[in-house]
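Next up, protein.pdb (PDB, C-alpha atoms and all ligand atoms):
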MODEL        1
ATOM      1  CA  MET A 875      91.657 180.160  29.755
ATOM      2  CA  ILE A 876      89.404 182.713  28.069
ATOM      3  CA  LEU A 877      90.757 184.253  24.941
ATOM      4  CA  SER A 878      89.337 187.552  23.853
ATOM      5  CA  TYR A 879      87.874 187.875  20.386
ATOM      6  CA  LYS A 880      90.826 189.942  19.179
ATOM      7  CA  VAL A 881      93.353 187.377  20.388
ATOM      8  CA  ILE A 882      91.483 184.661  18.521
ATOM      9  CA  LEU A 883      91.623 186.705  15.331
ATOM     10  CA  HIS A 884      95.384 187.129  15.746
ATOM     11  CA  ALA A 885      95.704 183.410  16.381
ATOM     12  CA  LEU A 886      93.653 182.711  13.280
ATOM     13  CA  ASP A 887      95.889 184.964  11.169
ATOM     14  CA  LEU A 888      98.988 183.272  12.474
ATOM     15  CA  ALA A 889      97.592 179.775  11.933
ATOM     16  CA  ALA A 890      96.405 180.668   8.437
ATOM     17  CA  LEU A 891      99.837 181.998   7.478
ATOM     18  CA  SER A 892     101.523 178.939   8.906
ATOM     19  CA  THR A 893      99.327 176.476   7.093
ATOM     20  CA  GLU A 894      99.948 178.349   3.885
ATOM     21  CA  HIS A 895     103.677 178.248   4.596
ATOM     22  CA  SER A 896     103.475 174.472   5.045
ATOM     23  CA  GLN A 897     101.598 174.277   1.732
ATOM     24  CA  TYR A 898      98.523 172.912   3.553
ATOM     25  CA  LYS A 899     100.406 169.730   4.463
ATOM     26  CA  ASP A 900     100.591 170.221   8.224
ATOM     27  CA  TRP A 901      97.569 168.743  10.002
ATOM     28  CA  TRP A 902      98.522 170.441  13.279
ATOM     29  CA  TRP A 903      97.982 173.950  11.924
ATOM     30  CA  LYS A 904      94.659 172.893  10.437
ATOM     31  CA  VAL A 905      93.522 171.804  13.889
ATOM     32  CA  GLN A 906      94.627 175.179  15.278
ATOM     33  CA  ILE A 907      92.668 177.049  12.588
ATOM     34  CA  GLY A 908      89.669 174.833  13.264
ATOM     35  CA  LYS A 909      89.865 175.668  16.973
ATOM     36  CA  CYS A 910      89.898 179.411  16.166
ATOM     37  CA  TYR A 911      86.892 179.062  13.891
ATOM     38  CA  TYR A 912      85.118 177.056  16.582
ATOM     39  CA  ARG A 913      85.764 179.778  19.171
ATOM     40  CA  LEU A 914      84.415 182.349  16.735
ATOM     41  CA  GLY A 915      81.256 180.282  16.252
ATOM     42  CA  MET A 916      82.083 179.563  12.586
ATOM     43  CA  TYR A 917      81.230 175.883  12.846
ATOM     44  CA  ARG A 918      81.116 174.963   9.170
ATOM     45  CA  GLU A 919      84.606 176.430   8.600
ATOM     46  CA  ALA A 920      85.855 174.628  11.703
ATOM     47  CA  GLU A 921      84.362 171.364  10.420
ATOM     48  CA  LYS A 922      86.252 171.715   7.135
ATOM     49  CA  GLN A 923      89.585 172.234   8.863
ATOM     50  CA  PHE A 924      89.166 169.343  11.303
ATOM     51  CA  LYS A 925      88.046 166.967   8.558
ATOM     52  CA  SER A 926      90.990 167.920   6.416
ATOM     53  CA  ALA A 927      93.338 167.426   9.382
ATOM     54  CA  LEU A 928      91.837 163.991  10.107
ATOM     55  CA  LYS A 929      92.462 162.932   6.538
ATOM     56  CA  GLN A 930      96.169 163.624   7.014
ATOM     57  CA  GLN A 931      96.573 162.337  10.533
ATOM     58  CA  GLU A 932      93.981 160.678  12.756
ATOM     59  CA  MET A 933      94.336 162.041  16.285
ATOM     60  CA  VAL A 934      92.042 161.580  19.283
ATOM     61  CA  ASP A 935      91.910 165.332  19.952
ATOM     62  CA  THR A 936      90.824 166.100  16.408
ATOM     63  CA  PHE A 937      87.972 163.599  16.693
ATOM     64  CA  LEU A 938      86.920 165.292  19.936
ATOM     65  CA  TYR A 939      87.033 168.786  18.428
ATOM     66  CA  LEU A 940      85.073 167.764  15.342
ATOM     67  CA  ALA A 941      82.465 166.068  17.543
ATOM     68  CA  LYS A 942      82.162 169.291  19.543
ATOM     69  CA  VAL A 943      81.413 171.098  16.290
ATOM     70  CA  TYR A 944      78.623 168.621  15.467
ATOM     71  CA  ILE A 945      77.184 168.909  18.963
ATOM     72  CA  SER A 946      77.188 172.715  18.612
ATOM     73  CA  LEU A 947      75.413 172.306  15.275
ATOM     74  CA  ASP A 948      72.850 170.138  17.072
ATOM     75  CA  GLN A 949      73.772 167.015  15.101
ATOM     76  CA  PRO A 950      74.194 164.441  17.872
ATOM     77  CA  VAL A 951      73.854 161.449  15.563
ATOM     78  CA  THR A 952      76.688 162.687  13.342
ATOM     79  CA  ALA A 953      78.797 163.245  16.461
ATOM     80  CA  LEU A 954      77.931 159.747  17.654
ATOM     81  CA  ASN A 955      79.041 158.170  14.386
ATOM     82  CA  LEU A 956      82.237 160.201  14.433
ATOM     83  CA  PHE A 957      83.090 159.031  17.965
ATOM     84  CA  LYS A 958      82.495 155.442  16.855
ATOM     85  CA  GLN A 959      84.760 155.995  13.875
ATOM     86  CA  GLY A 960      87.387 157.319  16.302
ATOM     87  CA  LEU A 961      86.983 154.227  18.474
ATOM     88  CA  ASP A 962      87.724 151.967  15.501
ATOM     89  CA  LYS A 963      91.073 153.714  15.253
ATOM     90  CA  PHE A 964      91.684 154.076  19.009
ATOM     91  CA  PRO A 965      89.881 151.175  20.720
ATOM     92  CA  GLY A 966      89.103 151.705  24.414
ATOM     93  CA  GLU A 967      89.921 155.441  24.352
ATOM     94  CA  VAL A 968      88.155 156.826  27.408
ATOM     95  CA  THR A 969      87.430 160.318  26.038
ATOM     96  CA  LEU A 970      85.725 158.874  22.965
ATOM     97  CA  LEU A 971      83.745 156.328  24.992
ATOM     98  CA  CYS A 972      82.650 159.112  27.331
ATOM     99  CA  GLY A 973      81.609 161.286  24.410
ATOM    100  CA  ILE A 974      79.333 158.520  23.143
ATOM    101  CA  ALA A 975      77.897 157.850  26.589
ATOM    102  CA  ARG A 976      77.117 161.559  27.120
ATOM    103  CA  ILE A 977      75.253 161.793  23.821
ATOM    104  CA  TYR A 978      73.183 158.709  24.669
ATOM    105  CA  GLU A 979      72.492 160.280  28.072
ATOM    106  CA  GLU A 980      71.316 163.483  26.357
ATOM    107  CA  MET A 981      69.087 161.381  24.107
ATOM    108  CA  ASN A 982      67.624 159.745  27.203
ATOM    109  CA  ASN A 983      68.890 156.353  26.053
ATOM    110  CA  MET A 984      70.161 155.317  29.471
ATOM    111  CA  SER A 985      70.777 151.655  28.676
ATOM    112  CA  SER A 986      73.190 152.510  25.871
ATOM    113  CA  ALA A 987      74.787 155.264  27.959
ATOM    114  CA  ALA A 988      75.391 152.797  30.799
ATOM    115  CA  GLU A 989      76.866 150.285  28.364
ATOM    116  CA  TYR A 990      79.495 152.790  27.213
ATOM    117  CA  TYR A 991      80.169 154.022  30.740
ATOM    118  CA  LYS A 992      80.846 150.384  31.688
ATOM    119  CA  GLU A 993      83.493 150.304  28.961
ATOM    120  CA  VAL A 994      84.907 153.514  30.456
ATOM    121  CA  LEU A 995      85.149 151.849  33.879
ATOM    122  CA  LYS A 996      87.063 148.930  32.362
ATOM    123  CA  GLN A 997      89.755 151.412  31.349
ATOM    124  CA  ASP A 998      89.532 153.748  34.324
ATOM    125  CA  ASN A 999      87.743 152.393  37.380
ATOM    126  CA  THR A1000      87.816 155.757  39.176
ATOM    127  CA  HIS A1001      85.900 157.659  36.498
ATOM    128  CA  VAL A1002      83.389 159.667  38.546
ATOM    129  CA  GLU A1003      80.914 160.466  35.777
ATOM    130  CA  ALA A1004      80.783 156.816  34.681
ATOM    131  CA  ILE A1005      80.236 155.503  38.214
ATOM    132  CA  ALA A1006      77.488 158.066  38.866
ATOM    133  CA  CYS A1007      75.668 157.265  35.644
ATOM    134  CA  ILE A1008      75.817 153.492  36.099
ATOM    135  CA  GLY A1009      74.620 153.973  39.664
ATOM    136  CA  SER A1010      71.585 155.946  38.585
ATOM    137  CA  ASN A1011      70.887 153.444  35.835
ATOM    138  CA  HIS A1012      70.746 150.637  38.418
ATOM    139  CA  PHE A1013      68.506 152.791  40.584
ATOM    140  CA  TYR A1014      66.013 153.346  37.801
ATOM    141  CA  SER A1015      66.115 149.628  36.937
ATOM    142  CA  ASP A1016      64.801 148.885  40.444
ATOM    143  CA  GLN A1017      68.159 147.792  41.806
ATOM    144  CA  PRO A1018      68.740 150.339  44.596
ATOM    145  CA  GLU A1019      71.148 148.061  46.505
ATOM    146  CA  ILE A1020      73.470 147.863  43.515
ATOM    147  CA  ALA A1021      73.138 151.606  42.885
ATOM    148  CA  LEU A1022      74.107 152.158  46.502
ATOM    149  CA  ARG A1023      77.362 150.301  45.940
ATOM    150  CA  PHE A1024      78.310 152.671  43.124
ATOM    151  CA  TYR A1025      77.463 155.784  45.137
ATOM    152  CA  ARG A1026      79.380 154.447  48.140
ATOM    153  CA  ARG A1027      82.356 154.008  45.879
ATOM    154  CA  LEU A1028      82.148 157.687  44.926
ATOM    155  CA  LEU A1029      82.126 158.554  48.619
ATOM    156  CA  GLN A1030      85.193 156.393  49.193
ATOM    157  CA  MET A1031      86.906 158.248  46.372
ATOM    158  CA  GLY A1032      86.375 161.488  48.287
ATOM    159  CA  ILE A1033      83.525 162.930  46.229
ATOM    160  CA  TYR A1034      81.497 165.059  48.588
ATOM    161  CA  ASN A1035      78.616 167.087  47.167
ATOM    162  CA  GLY A1036      74.895 167.610  47.566
ATOM    163  CA  GLN A1037      73.832 165.666  44.500
ATOM    164  CA  LEU A1038      75.706 162.566  45.627
ATOM    165  CA  PHE A1039      74.133 162.660  49.095
ATOM    166  CA  ASN A1040      70.717 163.280  47.569
ATOM    167  CA  ASN A1041      71.086 160.158  45.412
ATOM    168  CA  LEU A1042      72.484 158.209  48.347
ATOM    169  CA  GLY A1043      69.502 159.193  50.492
ATOM    170  CA  LEU A1044      66.997 157.957  47.963
ATOM    171  CA  CYS A1045      68.922 154.731  47.340
ATOM    172  CA  CYS A1046      69.173 154.046  51.058
ATOM    173  CA  PHE A1047      65.433 154.529  51.404
ATOM    174  CA  TYR A1048      64.519 152.164  48.583
ATOM    175  CA  ALA A1049      67.155 149.675  49.733
ATOM    176  CA  GLN A1050      65.469 149.836  53.163
ATOM    177  CA  GLN A1051      68.517 151.233  54.946
ATOM    178  CA  TYR A1052      66.450 153.751  56.847
ATOM    179  CA  ASP A1053      69.125 154.769  59.347
ATOM    180  CA  MET A1054      71.215 156.299  56.566
ATOM    181  CA  THR A1055      68.330 157.889  54.675
ATOM    182  CA  LEU A1056      67.653 161.029  56.686
ATOM    183  CA  THR A1057      71.287 161.780  57.507
ATOM    184  CA  SER A1058      72.081 161.606  53.795
ATOM    185  CA  PHE A1059      69.302 164.033  52.941
ATOM    186  CA  GLU A1060      70.337 166.359  55.783
ATOM    187  CA  ARG A1061      73.848 166.447  54.435
ATOM    188  CA  ALA A1062      72.532 166.941  50.898
ATOM    189  CA  LEU A1063      70.560 169.988  52.068
ATOM    190  CA  SER A1064      73.541 171.473  53.859
ATOM    191  CA  LEU A1065      75.756 170.920  50.813
ATOM    192  CA  ALA A1066      73.248 172.096  48.190
ATOM    193  CA  GLU A1067      74.943 174.716  46.073
ATOM    194  CA  ASN A1068      71.804 176.463  44.856
ATOM    195  CA  GLU A1069      68.047 176.516  45.291
ATOM    196  CA  GLU A1070      67.456 174.038  42.484
ATOM    197  CA  GLU A1071      69.594 171.438  44.206
ATOM    198  CA  ALA A1072      67.776 172.085  47.473
ATOM    199  CA  ALA A1073      64.471 171.675  45.624
ATOM    200  CA  ASP A1074      65.580 168.254  44.390
ATOM    201  CA  VAL A1075      66.371 167.181  47.948
ATOM    202  CA  TRP A1076      62.953 168.307  49.228
ATOM    203  CA  TYR A1077      61.350 166.532  46.299
ATOM    204  CA  ASN A1078      63.081 163.268  47.207
ATOM    205  CA  LEU A1079      62.143 163.745  50.854
ATOM    206  CA  GLY A1080      58.558 164.086  49.653
ATOM    207  CA  HIS A1081      58.883 160.647  48.072
ATOM    208  CA  VAL A1082      60.156 159.209  51.326
ATOM    209  CA  ALA A1083      57.228 160.786  53.171
ATOM    210  CA  VAL A1084      54.791 159.247  50.668
ATOM    211  CA  GLY A1085      56.592 155.946  51.133
ATOM    212  CA  ILE A1086      56.091 155.965  54.904
ATOM    213  CA  GLY A1087      52.487 157.093  54.456
ATOM    214  CA  ASP A1088      52.866 160.566  55.995
ATOM    215  CA  THR A1089      50.907 162.618  53.479
ATOM    216  CA  ASN A1090      51.078 165.836  55.515
ATOM    217  CA  LEU A1091      54.838 165.678  55.589
ATOM    218  CA  ALA A1092      54.859 164.815  51.885
ATOM    219  CA  HIS A1093      52.692 167.831  51.168
ATOM    220  CA  GLN A1094      55.109 170.095  53.042
ATOM    221  CA  CYS A1095      58.137 168.621  51.294
ATOM    222  CA  PHE A1096      56.711 169.103  47.803
ATOM    223  CA  ARG A1097      55.687 172.659  48.750
ATOM    224  CA  LEU A1098      59.246 173.342  49.932
ATOM    225  CA  ALA A1099      60.545 171.948  46.639
ATOM    226  CA  LEU A1100      58.386 174.545  44.871
ATOM    227  CA  VAL A1101      59.522 177.326  47.205
ATOM    228  CA  ASN A1102      63.082 176.595  46.120
ATOM    229  CA  ASN A1103      62.296 175.987  42.469
ATOM    230  CA  ASN A1104      59.047 177.358  41.141
ATOM    231  CA  ASN A1105      59.457 175.369  37.883
ATOM    232  CA  HIS A1106      59.696 171.906  39.446
ATOM    233  CA  ALA A1107      57.179 170.064  37.264
ATOM    234  CA  GLU A1108      57.434 166.755  39.143
ATOM    235  CA  ALA A1109      56.669 168.482  42.441
ATOM    236  CA  TYR A1110      53.505 170.045  40.953
ATOM    237  CA  ASN A1111      52.492 166.635  39.662
ATOM    238  CA  ASN A1112      52.984 164.939  43.017
ATOM    239  CA  LEU A1113      51.205 167.702  44.903
ATOM    240  CA  ALA A1114      48.297 167.213  42.519
ATOM    241  CA  VAL A1115      48.177 163.522  43.373
ATOM    242  CA  LEU A1116      47.995 164.399  47.075
ATOM    243  CA  GLU A1117      45.207 166.932  46.426
ATOM    244  CA  MET A1118      43.384 164.322  44.384
ATOM    245  CA  ARG A1119      43.490 161.913  47.325
ATOM    246  CA  LYS A1120      41.922 164.601  49.493
ATOM    247  CA  GLY A1121      39.159 165.017  46.914
ATOM    248  CA  HIS A1122      40.274 168.533  45.896
ATOM    249  CA  VAL A1123      39.612 167.975  42.216
ATOM    250  CA  GLU A1124      39.904 171.488  40.846
ATOM    251  CA  GLN A1125      43.090 172.209  42.793
ATOM    252  CA  ALA A1126      44.560 168.983  41.488
ATOM    253  CA  ARG A1127      43.621 169.806  37.907
ATOM    254  CA  ALA A1128      45.170 173.279  38.150
ATOM    255  CA  LEU A1129      48.417 171.839  39.526
ATOM    256  CA  LEU A1130      48.515 169.234  36.757
ATOM    257  CA  GLN A1131      48.015 171.888  34.114
ATOM    258  CA  THR A1132      50.969 173.799  35.520
ATOM    259  CA  ALA A1133      53.047 170.611  35.556
ATOM    260  CA  SER A1134      52.234 169.731  31.961
ATOM    261  CA  SER A1135      52.885 173.244  30.691
ATOM    262  CA  LEU A1136      56.290 173.211  32.426
ATOM    263  CA  ALA A1137      57.196 169.746  31.126
ATOM    264  CA  PRO A1138      55.032 168.706  28.143
ATOM    265  CA  HIS A1139      57.290 165.675  27.546
ATOM    266  CA  MET A1140      56.316 164.116  30.910
ATOM    267  CA  TYR A1141      53.456 161.663  30.617
ATOM    268  CA  GLU A1142      52.394 161.623  34.290
ATOM    269  CA  PRO A1143      50.649 165.026  34.446
ATOM    270  CA  HIS A1144      48.709 164.267  31.252
ATOM    271  CA  PHE A1145      47.761 160.821  32.505
ATOM    272  CA  ASN A1146      46.735 162.097  35.942
ATOM    273  CA  PHE A1147      44.701 164.885  34.353
ATOM    274  CA  ALA A1148      42.984 162.330  32.108
ATOM    275  CA  THR A1149      42.215 160.108  35.093
ATOM    276  CA  ILE A1150      40.667 162.875  37.206
ATOM    277  CA  SER A1151      38.699 164.268  34.296
ATOM    278  CA  ASP A1152      37.378 160.779  33.547
ATOM    279  CA  LYS A1153      36.301 160.365  37.178
ATOM    280  CA  ILE A1154      34.295 163.601  37.196
ATOM    281  CA  GLY A1155      32.710 162.832  33.825
ATOM    282  CA  ASP A1156      34.635 165.361  31.733
ATOM    283  CA  LEU A1157      35.302 162.731  29.083
ATOM    284  CA  GLN A1158      36.244 165.092  26.283
ATOM    285  CA  ARG A1159      39.147 166.638  28.195
ATOM    286  CA  SER A1160      40.060 163.266  29.598
ATOM    287  CA  TYR A1161      40.447 161.933  26.057
ATOM    288  CA  VAL A1162      42.573 164.883  24.917
ATOM    289  CA  ALA A1163      44.895 164.522  27.916
ATOM    290  CA  ALA A1164      45.086 160.736  27.508
ATOM    291  CA  GLN A1165      46.225 161.202  23.935
ATOM    292  CA  LYS A1166      48.976 163.575  25.078
ATOM    293  CA  SER A1167      50.016 160.991  27.635
ATOM    294  CA  GLU A1168      50.159 158.344  24.918
ATOM    295  CA  ALA A1169      52.288 160.603  22.718
ATOM    296  CA  ALA A1170      54.752 161.093  25.590
ATOM    297  CA  PHE A1171      54.863 157.400  26.585
ATOM    298  CA  PRO A1172      53.346 155.119  23.904
ATOM    299  CA  ASP A1173      53.807 151.893  25.911
ATOM    300  CA  HIS A1174      52.089 153.070  29.100
ATOM    301  CA  VAL A1175      49.532 150.344  29.756
ATOM    302  CA  ASP A1176      47.172 152.373  31.954
ATOM    303  CA  THR A1177      46.966 155.140  29.338
ATOM    304  CA  GLN A1178      46.143 152.610  26.635
ATOM    305  CA  HIS A1179      43.504 151.110  28.862
ATOM    306  CA  LEU A1180      41.926 154.513  29.559
ATOM    307  CA  ILE A1181      41.879 155.472  25.870
ATOM    308  CA  LYS A1182      40.240 152.173  24.967
ATOM    309  CA  GLN A1183      37.614 152.654  27.633
ATOM    310  CA  LEU A1184      36.884 156.225  26.481
ATOM    311  CA  ARG A1185      36.617 155.138  22.836
ATOM    312  CA  GLN A1186      34.126 152.425  23.789
ATOM    313  CA  HIS A1187      32.158 155.015  25.696
ATOM    314  CA  PHE A1188      32.125 157.449  22.760
ATOM    315  CA  ALA A1189      31.061 154.663  20.399
ATOM    316  CA  MET A1190      27.989 154.004  22.528
ATOM    317  CA  LEU A1191      26.808 157.629  22.290
TER
HETATM  318  C1  LIG B1201      69.433 153.136  22.328
HETATM  319  O1  LIG B1201      70.398 153.120  21.326
HETATM  320  C2  LIG B1201      70.619 151.844  20.727
HETATM  321  C3  LIG B1201      71.787 151.937  19.768
HETATM  322  O2  LIG B1201      71.698 153.049  18.925
HETATM  323  C4  LIG B1201      69.314 151.416  20.027
HETATM  324  O3  LIG B1201      69.488 150.130  19.445
HETATM  325  C5  LIG B1201      68.206 151.380  21.061
HETATM  326  O4  LIG B1201      66.976 151.082  20.423
HETATM  327  C6  LIG B1201      68.092 152.714  21.782
HETATM  328  N1  LIG B1201      67.136 152.583  22.862
HETATM  329  C7  LIG B1201      66.215 153.517  23.132
HETATM  330  C8  LIG B1201      65.354 153.260  24.320
HETATM  331  O5  LIG B1201      66.066 154.516  22.443
ENDMDL
END
Just give me the structure as structure tokens.
Ligand SMILES: *[C@@H]1O[C@H](CO)[C@@H](O)[C@H](O)[C@H]1NC(C)=O
Amino acid sequence: MILSYKVILHALDLAALSTEHSQYKDWWWKVQIGKCYYRLGMYREAEKQFKSALKQQEMVDTFLYLAKVYISLDQPVTALNLFKQGLDKFPGEVTLLCGIARIYEEMNNMSSAAEYYKEVLKQDNTHVEAIACIGSNHFYSDQPEIALRFYRRLLQMGIYNGQLFNNLGLCCFYAQQYDMTLTSFERALSLAENEEEAADVWYNLGHVAVGIGDTNLAHQCFRLALVNNNNHAEAYNNLAVLEMRKGHVEQARALLQTASSLAPHMYEPHFNFATISDKIGDLQRSYVAAQKSEAAFPDHVDTQHLIKQLRQHFAML
């Protein structure tokens, strides 16, 4: 339901009168006022009302609303602590567990996100978001067979969309179930709801092509990913790697620069740029890029190795 601005103001008036009438003792009206303030974008006022309501009566919904305020104020850690406080009062509450998991997911802390989603599944073993997240977590921990089980479960539950088939396709490939791989990707392409989703399918197909050693096909797939989504940083990066293998150094460097300007937080384009530049003797730029790679991924062994090598080289000059 979408309330218009004017309706919210009326609602706010009504709620304010009612809370006054109850001599500020009714937590329910405070929550209603808080919701109005939230809809009007007055987050600090909303926070005050929800906090005051929580002091009178701890309710799951109020915790959720207050957390929404903190997320809107870009204070995920405060929201996280609030959810945990809510869980102390309402142990095992799925909405609170999910709230925590989503924040960890946003923070890119997948292991903690998966931990909370596992708690969600203990309470509700048909929770789609939880199953999907745990599945992808297994995939990225090099356990594609286990990830496959989670995605299959989503299929059994009647979930039927492009993203699911895209994930299934990649899992099948890495779990060496080749017969399912291409049909999954085909279905993912036919179900893709927009060009960005289609780009992600072509990108994954590019990976499969690299995996079976067909670099021409891989090249075409990554190009098609870019046709569908001109901002696909990973596709630029992978195309650069293919160009590098063909010895097209300048093309590769240009693609990597595009990739790193689109996604400065990714370490791969910086690292690849550093590696090529090192190979062609452009040590200065190699060093600069290697440092960016280190900033994005401090524990990356190959980056550390390259930086050490470059420092030794500079010391000899
Ligand atoms: C994830 O969050 C947990 C709990 O806050 C923390 O102990 C852990 O270091 C985090 N991991 C990463 C990779 O940030």
Do you know which residues the PyMOL selection byres (((chain A and resi 1031-1040) around 7) and not hetatm) returns on this file, as a count of residues only?
-> 16
Starting from the displayed file, determine the output of the PyMOL selection byres (((chain A and resi 1009-1023) around 7) and not hetatm) and express the residue list as a VMD selection string.
-> chain A and resid 984 988 1005 to 1008 1024 to 1027 1042 1045 to 1046 1048 to 1049
Ground truth for the PyMOL selection byres (((chain A and resi 1149) around 12) and not hetatm), written as a VMD selection string | chain A and resid 1114 to 1115 1118 1123 1126 to 1127 1130 1142 to 1148 1150 to 1165 1167 1176 to 1181 1183 to 1184
Taking only C-alpha atoms and all ligand atoms into account, report as JSON, numbers by chain which residues have an atom no farther than 10 Å from an atom of ligand LIG 1201 (chain B).
-> {"A": [951, 954, 978, 979, 981, 982, 983, 984, 985, 986, 987, 989]}
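The coordinates place atom CA of Ser1134 of chain A at 8.3 Å from atom CA of Asn1111 of chain A.
With all atoms listed in the file as the atoms that count, the minimum distance from Glu1108 of chain A to the choices A:Lys1166, A:His1139, A:Arg913, A:Lys1120 is reached by A:His1139.
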Please determine an axis-aligned box that encloses all atoms of segment 1067-1073 of chain A listed in the file, with 8 Å added on each side, and express its centre and edge lengths in Å to one decimal as lines of an AutoDock Vina configuration file.
center_x = 69.7
center_y = 174.0
center_z = 45.0
size_x = 26.5
size_y = 21.1
size_z = 21.0
Give me the residues within 7 Å of segment 992-997 of chain A as a PyMOL selection string, counting all atoms listed in the file and dropping any in the same chain fewer than 4 places off.
-> chain A and resi 966+968+971-972+988+1001+1004
Dump of C-alpha atoms for the selected residues, as a PDB file, keeping the file's coordinate frame:
ATOM      1  CA  GLY A 966      89.103 151.705  24.414  1.00  0.00           C
ATOM      2  CA  VAL A 968      88.155 156.826  27.408  1.00  0.00           C
ATOM      3  CA  LEU A 971      83.745 156.328  24.992  1.00  0.00           C
ATOM      4  CA  CYS A 972      82.650 159.112  27.331  1.00  0.00           C
ATOM      5  CA  ALA A 988      75.391 152.797  30.799  1.00  0.00           C
ATOM      6  CA  HIS A1001      85.900 157.659  36.498  1.00  0.00           C
ATOM      7  CA  ALA A1004      80.783 156.816  34.681  1.00  0.00           C
TER       8      ALA A1004
END
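Relative to atom CA of Asp900 of chain A, atom CA of Tyr944 of chain A is found at 23.2 Å.
Atom CA of Thr1055 of chain A lies 22.0 Å from atom CA of Leu1113 of chain A.
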So which residues touch Ser946 of chain A within 12 Å, counting all atoms listed in the file, skipping near sequence neighbours fewer than 2 positions away, as a PDB file with C-alpha atoms, in the frame of the given file?
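Final file, part.pdb:
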ATOM      1  CA  TYR A 912      85.118 177.056  16.582  1.00  0.00           C
ATOM      2  CA  ARG A 913      85.764 179.778  19.171  1.00  0.00           C
ATOM      3  CA  GLY A 915      81.256 180.282  16.252  1.00  0.00           C
ATOM      4  CA  MET A 916      82.083 179.563  12.586  1.00  0.00           C
ATOM      5  CA  TYR A 917      81.230 175.883  12.846  1.00  0.00           C
ATOM      6  CA  ARG A 918      81.116 174.963   9.170  1.00  0.00           C
ATOM      7  CA  ALA A 920      85.855 174.628  11.703  1.00  0.00           C
ATOM      8  CA  GLU A 921      84.362 171.364  10.420  1.00  0.00           C
ATOM      9  CA  TYR A 939      87.033 168.786  18.428  1.00  0.00           C
ATOM     10  CA  LEU A 940      85.073 167.764  15.342  1.00  0.00           C
ATOM     11  CA  ALA A 941      82.465 166.068  17.543  1.00  0.00           C
ATOM     12  CA  LYS A 942      82.162 169.291  19.543  1.00  0.00           C
ATOM     13  CA  VAL A 943      81.413 171.098  16.290  1.00  0.00           C
ATOM     14  CA  TYR A 944      78.623 168.621  15.467  1.00  0.00           C
ATOM     15  CA  ASP A 948      72.850 170.138  17.072  1.00  0.00           C
ATOM     16  CA  GLN A 949      73.772 167.015  15.101  1.00  0.00           C
ATOM     17  CA  PRO A 950      74.194 164.441  17.872  1.00  0.00           C
ATOM     18  CA  THR A 952      76.688 162.687  13.342  1.00  0.00           C
ATOM     19  CA  ALA A 953      78.797 163.245  16.461  1.00  0.00           C
TER      20      ALA A 953
END
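Non-sequential neighbours of Ile907 of chain A (distance at most 7 Å, separation of 6 or more positions within a chain, all atoms listed in the file) are Leu886, Ala889, Ala890 and Gln923 of chain A.
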Dump as a PyMOL selection string all residues having an atom at most 8 Å from (88.9, 158.2, 13.1), computed in the file's coordinates with all atoms listed in the file.
-> chain A and resi 928+932-934+937+956-964
Residues within 7 Å of Val905 of chain A, all atoms listed in the file, excluding chain neighbours under 2 positions, as a PyMOL selection string = chain A and resi 901-903+907-909+923-924+927+936
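Shortest atom-to-atom contact with Asn1103 of chain A among A:Asn955, A:Asn1068, A:Gln1186, A:Ser926: A:Asn1068, counting all atoms listed in the file.
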For Leu1098 of chain A, list every protein, DNA or RNA residue within 9 Å, evaluated using only C-alpha atoms, and leave out those in the same chain fewer than 2 positions away; present the list as a ChimeraX atom specification.
-> /A:1072-1073,1076-1077,1093-1096,1100-1103
Hey, could you patch up segment 1044-1050 of chain A with N, CA, C and O atoms and hand it over as a short mmCIF file (atom, residue, chain, number, x, y, z; two decimals), in the frame of the given file?
data_model
loop_
_atom_site.label_atom_id
_atom_site.label_comp_id
_atom_site.auth_asym_id
_atom_site.auth_seq_id
_atom_site.Cartn_x
_atom_site.Cartn_y
_atom_site.Cartn_z
N LEU A 1044 68.11 158.65 48.62
CA LEU A 1044 67.00 157.96 47.96
C LEU A 1044 67.30 156.46 47.82
O LEU A 1044 66.43 155.62 48.05
N CYS A 1045 68.53 156.14 47.46
CA CYS A 1045 68.92 154.73 47.34
C CYS A 1045 68.79 154.02 48.67
O CYS A 1045 68.28 152.91 48.74
N CYS A 1046 69.26 154.67 49.73
CA CYS A 1046 69.17 154.05 51.06
C CYS A 1046 67.71 153.76 51.40
O CYS A 1046 67.38 152.70 51.92
N PHE A 1047 66.85 154.72 51.08
CA PHE A 1047 65.43 154.53 51.40
C PHE A 1047 64.87 153.32 50.66
O PHE A 1047 64.26 152.44 51.26
N TYR A 1048 65.10 153.27 49.35
CA TYR A 1048 64.52 152.16 48.58
C TYR A 1048 65.22 150.85 48.86
O TYR A 1048 64.66 149.78 48.61
N ALA A 1049 66.48 150.91 49.36
CA ALA A 1049 67.16 149.68 49.73
C ALA A 1049 66.86 149.32 51.19
O ALA A 1049 67.49 148.44 51.76
N GLN A 1050 65.92 150.06 51.79
CA GLN A 1050 65.47 149.84 53.16
C GLN A 1050 66.57 149.98 54.19
O GLN A 1050 66.60 149.26 55.20
#
